[in-house]
Structure formats: C-alpha cells, structure tokens
Amino acid sequence: MFESIQPAPPDPILGLSEAFASDPNPAKINLSVGVYQDDQGHTPILGSVKLAEQRLLGSEQTKSYKPISGDPGYAAAVQRLIFGADHEVIAAGRAATAHTPGGTAALRVAGDYLKKMHSRDGVPPTVWISDPTWANHANVFQAAGLSVKTYPYFDPATNSLSFDAMLQALSQVPAGDVVLLHGCCHNPTGTDPTYEQWARIADCLAGRGVLPLVDFAYQGLADSIDQDAAGLMQLCRPGCEMVICSSFSKNFGLYNERVGALTAVAKTQVAAQAVLSHVKTCIRSNYSNPPAHGAAIVTTVLNDPELRSRWEGEVKQMRDRINRMRRLLAQRLSAKGVPGDYSFITRQRGMFSYSGLTEDQVRRLREKHAIYIVRSGRINVAGITEANVDRLCEAIAGVV
Ligand code: LMR
C-alpha cells in the first residue's frame with residue numbers, strides 16, 4: 001500500500017523550522033514560526049509559569065483522565081480572561097468552554113462541530129477567512145469537511161486594512177455561514193481593525209444568522225490583556241452567538257504544552273450546554289480528552305493575584321521588546337539604504353510584520369543568507385535581536 005506514496009510538501013511554517021534546524025550555517029536566522037525570543041535569541045519559560053509549575057509539582061495527586069472538556073476551573077478562568085469577570089455572558093452562563101490542545105485543536109474541534117451540527121441538506125457551512133490569513137486556517141477547516149472562502153482584508157499598496165472592501169464582502173455572507181476574525185495581532189499582516197472599525201464589523205454581522213468565529217491567539221501582545229479583547233467585546237453583544245478559539249502558546253509561552261480553549265457563546269445557558277455536549281462528542285472521537293499540565297499552569301497563574309500580576313508584567317515585557325525590534329528594524333532598513341518607506345512596520349501589531357518581500361526575495365534570503373521567512377513575506381519580529389538585525393537588514397538590502 002505504501003509503495004506508491006509520494007512525500008507531502010513541507011508545512012509552509014513549521015516545515016521552515018525543520019529546514020532551519022538542519023542548516024549548518026552558524027549565522028542562520030529563523031524569523032519564520034511565531035515563537036517569541038528574548039534579546040539572546042532564547043525562548044524563555046516565563047517566571048510566573050515556573051512558579052506555577054513548582055506549586056503543581058508539590059500538589060498534584062493523580063494522573064487520571066481529565067473530563068472530555070477539561071477542568072471546569074480552567075473553563076471558568078479562560079472565560080474571565082476573555083470577557084472580564086463581570087461580563088453579562090458569564091453572569092448568564094451563556095458561554096461554554098472546552099479545553100483543547102492548543103488553539104489549532106480549538107479551531108479543528110469548532111470545524112468538526114460546525115460540520116456535524118450546522119450542515120444544511122448535507123451541505124456544511126462555509127467559513128469565510130481573511131485574505132491573507134494564517135497559513136493553516138484553510139487546511140484545518142477543509143480537513144474538517146467545511147468549504148472555505150475569502151474576504152478582502154489587506155491592501156499591500158498602502159500596507160493597511162482594506163476596510164471598505166472587507167465590510168462590503170462581509171455584508172454579503174449568507175446566513176448560516178461562519179466568519180473567521182482574528183481577535184488581535186492579525187496573523188500574518190499585523191494589521192487590526194480600529195475600535196470604531198470593530199464596531200462597524202459587529203454591526204454588519206449582528207442579527208444576520210452569520211456566526212463570528214474569533215481566533216484569539218495573541219491576547220496581550222498588541223496593547224494589553226484587556227484592550228486586546230476590545231474588538232471581541234464589540235461582537236459580544238446581548239443575545240449574540242459566537243465561537244472563540246483561544247491559544248496560550250504565545251502569551252504564556254506554553255508552545256509545547258498545547259493549551260487552548262474553544263468557547264461557544266449562545267443565547268441561553270441551555271443552548272450553550274447543548275452546544276458543549278456536541279463539542280464533547282467531537283473531542284471524544286478525535287483525541288478523547290485533553291492533556292492536563294498546560295491548563296493547570298494557566299489556571300494556577302490566572303487564579304492567583306500575585307502570579308497573575310507577574311504574568312501580566314511578563315506579557316508586557318514581551319510586547320515591549322517586540323515593539324522595540326519593530327522600531328529597530330524600520331530604522332536599520334533605512335540606515336542600510338533599503339529603498340522604500342518602512343515606517344509601516346512600527347504600526348503593525350503583535351509578533352508579525354508583513355514585510356512586502358516577494359516570494360523570490362524570501363527564497364534568495366534563505367538560499368544566500370540562511371535567513372528563514374515565511375513565503376508570504378511574513379517576518380516574526382520577535383526573532384529579531386540587536387545581534388542579528390544588521391545582518392538581516394544587509395541581506396534584505398541585497399535582495400530587494
Ligand atoms: C505561526 O503562525 O507561526 C504560529 O501560529 C505557529 C503555527 O503553528 O503556525
């Protein structure tokens with residue numbers, strides 16, 4: 001059976017990390033996968049996470065299975081983080097959360113649930129994704145059996161949101177379909193709607209039977225934990241329905257613990273629990289129940305005032321360093337005489353900068369300079385350091 005199998009192409013993001021690992025060039029630079037690095041190019045374990053782990057090591061009593069949807073205490077902590085403790089959605093009990101292995105599993109379980117419960121006459125809903133979007137979004141939903149269409153999002157000519165075109169496209173999405181939005185730090189463009197634009201997006205989607213699905217993987221890396229939920233709060237109006245897929249890979253640095261969550265907001269508590277019951281069937285037939293450790297860390301940190309404030313400080317440090325690297329990159333590109341105005345890099349938010357580098361330039365950066373960037377030209381700004389920025393900018397000057 002296996003004789004005729006041809007190898008699959010490498011993953012456009014994680015495949016680059018594999019290629020980077022096997023590159024013998026000692027000066028190689030990895031700006032591909034969205035992983036935070038400090039000034040020394042190291043991906044640290046947060047101090048708040050280490051402290052929580054020490055406590056957990058002392059207090060853990062069992063390695064028995066978790067419930068299919070994870071610990072209720074984790075679900076409650078995640079909801080408070082997303083909505084704020086006093087939000088009407090929490091008071092009404094109309095949100096239901098399942099712990100998933102990372103944000104990717106949250107998206108996949110959402111896809112499985114939508115296919116299972118919201119197909120009409122055997123036709124699954126279409127998920128509308130931004131053009132461009134995270135390279136894995138279409139794969140995840142298509143693998144779940146959904147079809148995927150795009151709405152305009154970014155104008156490369158002005159390096160800004162194509163807001164009018166986006167709104168026009170969203171206004172045409174038929175009832176029963178799903179619109180995927182990035183809660184903050186849009187991946188790959190680093191370009192988010194303003195608060196006013198979020199309000200207009202929410203006006204456009206409200207009451208039309210279109211389900212917003214918010215990919216919320218970078219909370220805290222744009223402005224602050226609370227401010228980064230402002231767009232999502234616009235969507236989350238009385239009587240709304242929506243799905244939120246959270247990831248704690250980036251803001252807790254828990255990449256390899258695979259910790260995320262799927263939160264469904266329904267009109268009533270009864271409806272939310274019914275949705276959760278079907279989400280659980282999707283989980284059971286997929287990975288059965290979630291891994292414990294990462295969620296225990298997140299719960300411990302979020303529920304302890306001292307650890308929480310330490311964590312918020314650490315998220316701020318990451319955010320500040322990324323923004324410093326944005327400014328440095330823009331300055332050094334100009335200083336090295338790279339043609340063009342790169343001030344847009346300082347206006348983008350989160351880990352990524354959509355550099356405008358072409359596929360051919362990206363290829364030459366890799367082949368000639370051992371600099372690894374995603375094909376779309378997306379640069380992980382968090383991988384830039386004082387030590388590598390000059391080499392990076394000289395190489396870019398050489399290829400543009
Ligand atoms: C990224 O976009 O680089 C990250 O979200 C990591 C991944 O899984 O692709």
# chains A, B, ... in the order shown; residues from 1 in each chain; ligands from 1
$ residues_near_ligand --ligand "ligand 1" --cutoff "6 Å" --atoms "only C-alpha atoms and all ligand atoms" --output "PyMOL selection string"
chain A and resi 13+33-34+134
$ residues_around --residues "Ala77 (chain A)" --least-positions-apart "6" --cutoff "10 Å" --atoms "only C-alpha atoms" --output "list in words"
Gly84, Ala85, Thr97, Ala295, Val298, Thr299, Thr300, Val301, Leu302 and Asn303 of chain A
$ atom_distance --atom1 "CA of Asp341 (chain A)" --atom2 "CA of Leu221 (chain A)"
24.4 Å
$ select_by_dssp --residues "region 45-245 of chain A" --states "alpha helix (DSSP H)" --output "PyMOL selection string"
chain A and resi 47-59+72-83+88-91+102-118+137-143+163-171+195-205+230-235
$ closest_residue --among "A:Ala75, A:Ala330, A:Ala96, A:Ala217" --to "Phe344 (chain A)" --atoms "only C-alpha atoms"
A:Ala330
$ closest_residue --among "A:His293, A:His99, A:Arg363, A:Arg327" --to "Ser246 (chain A)" --atoms "only C-alpha atoms"
A:His99
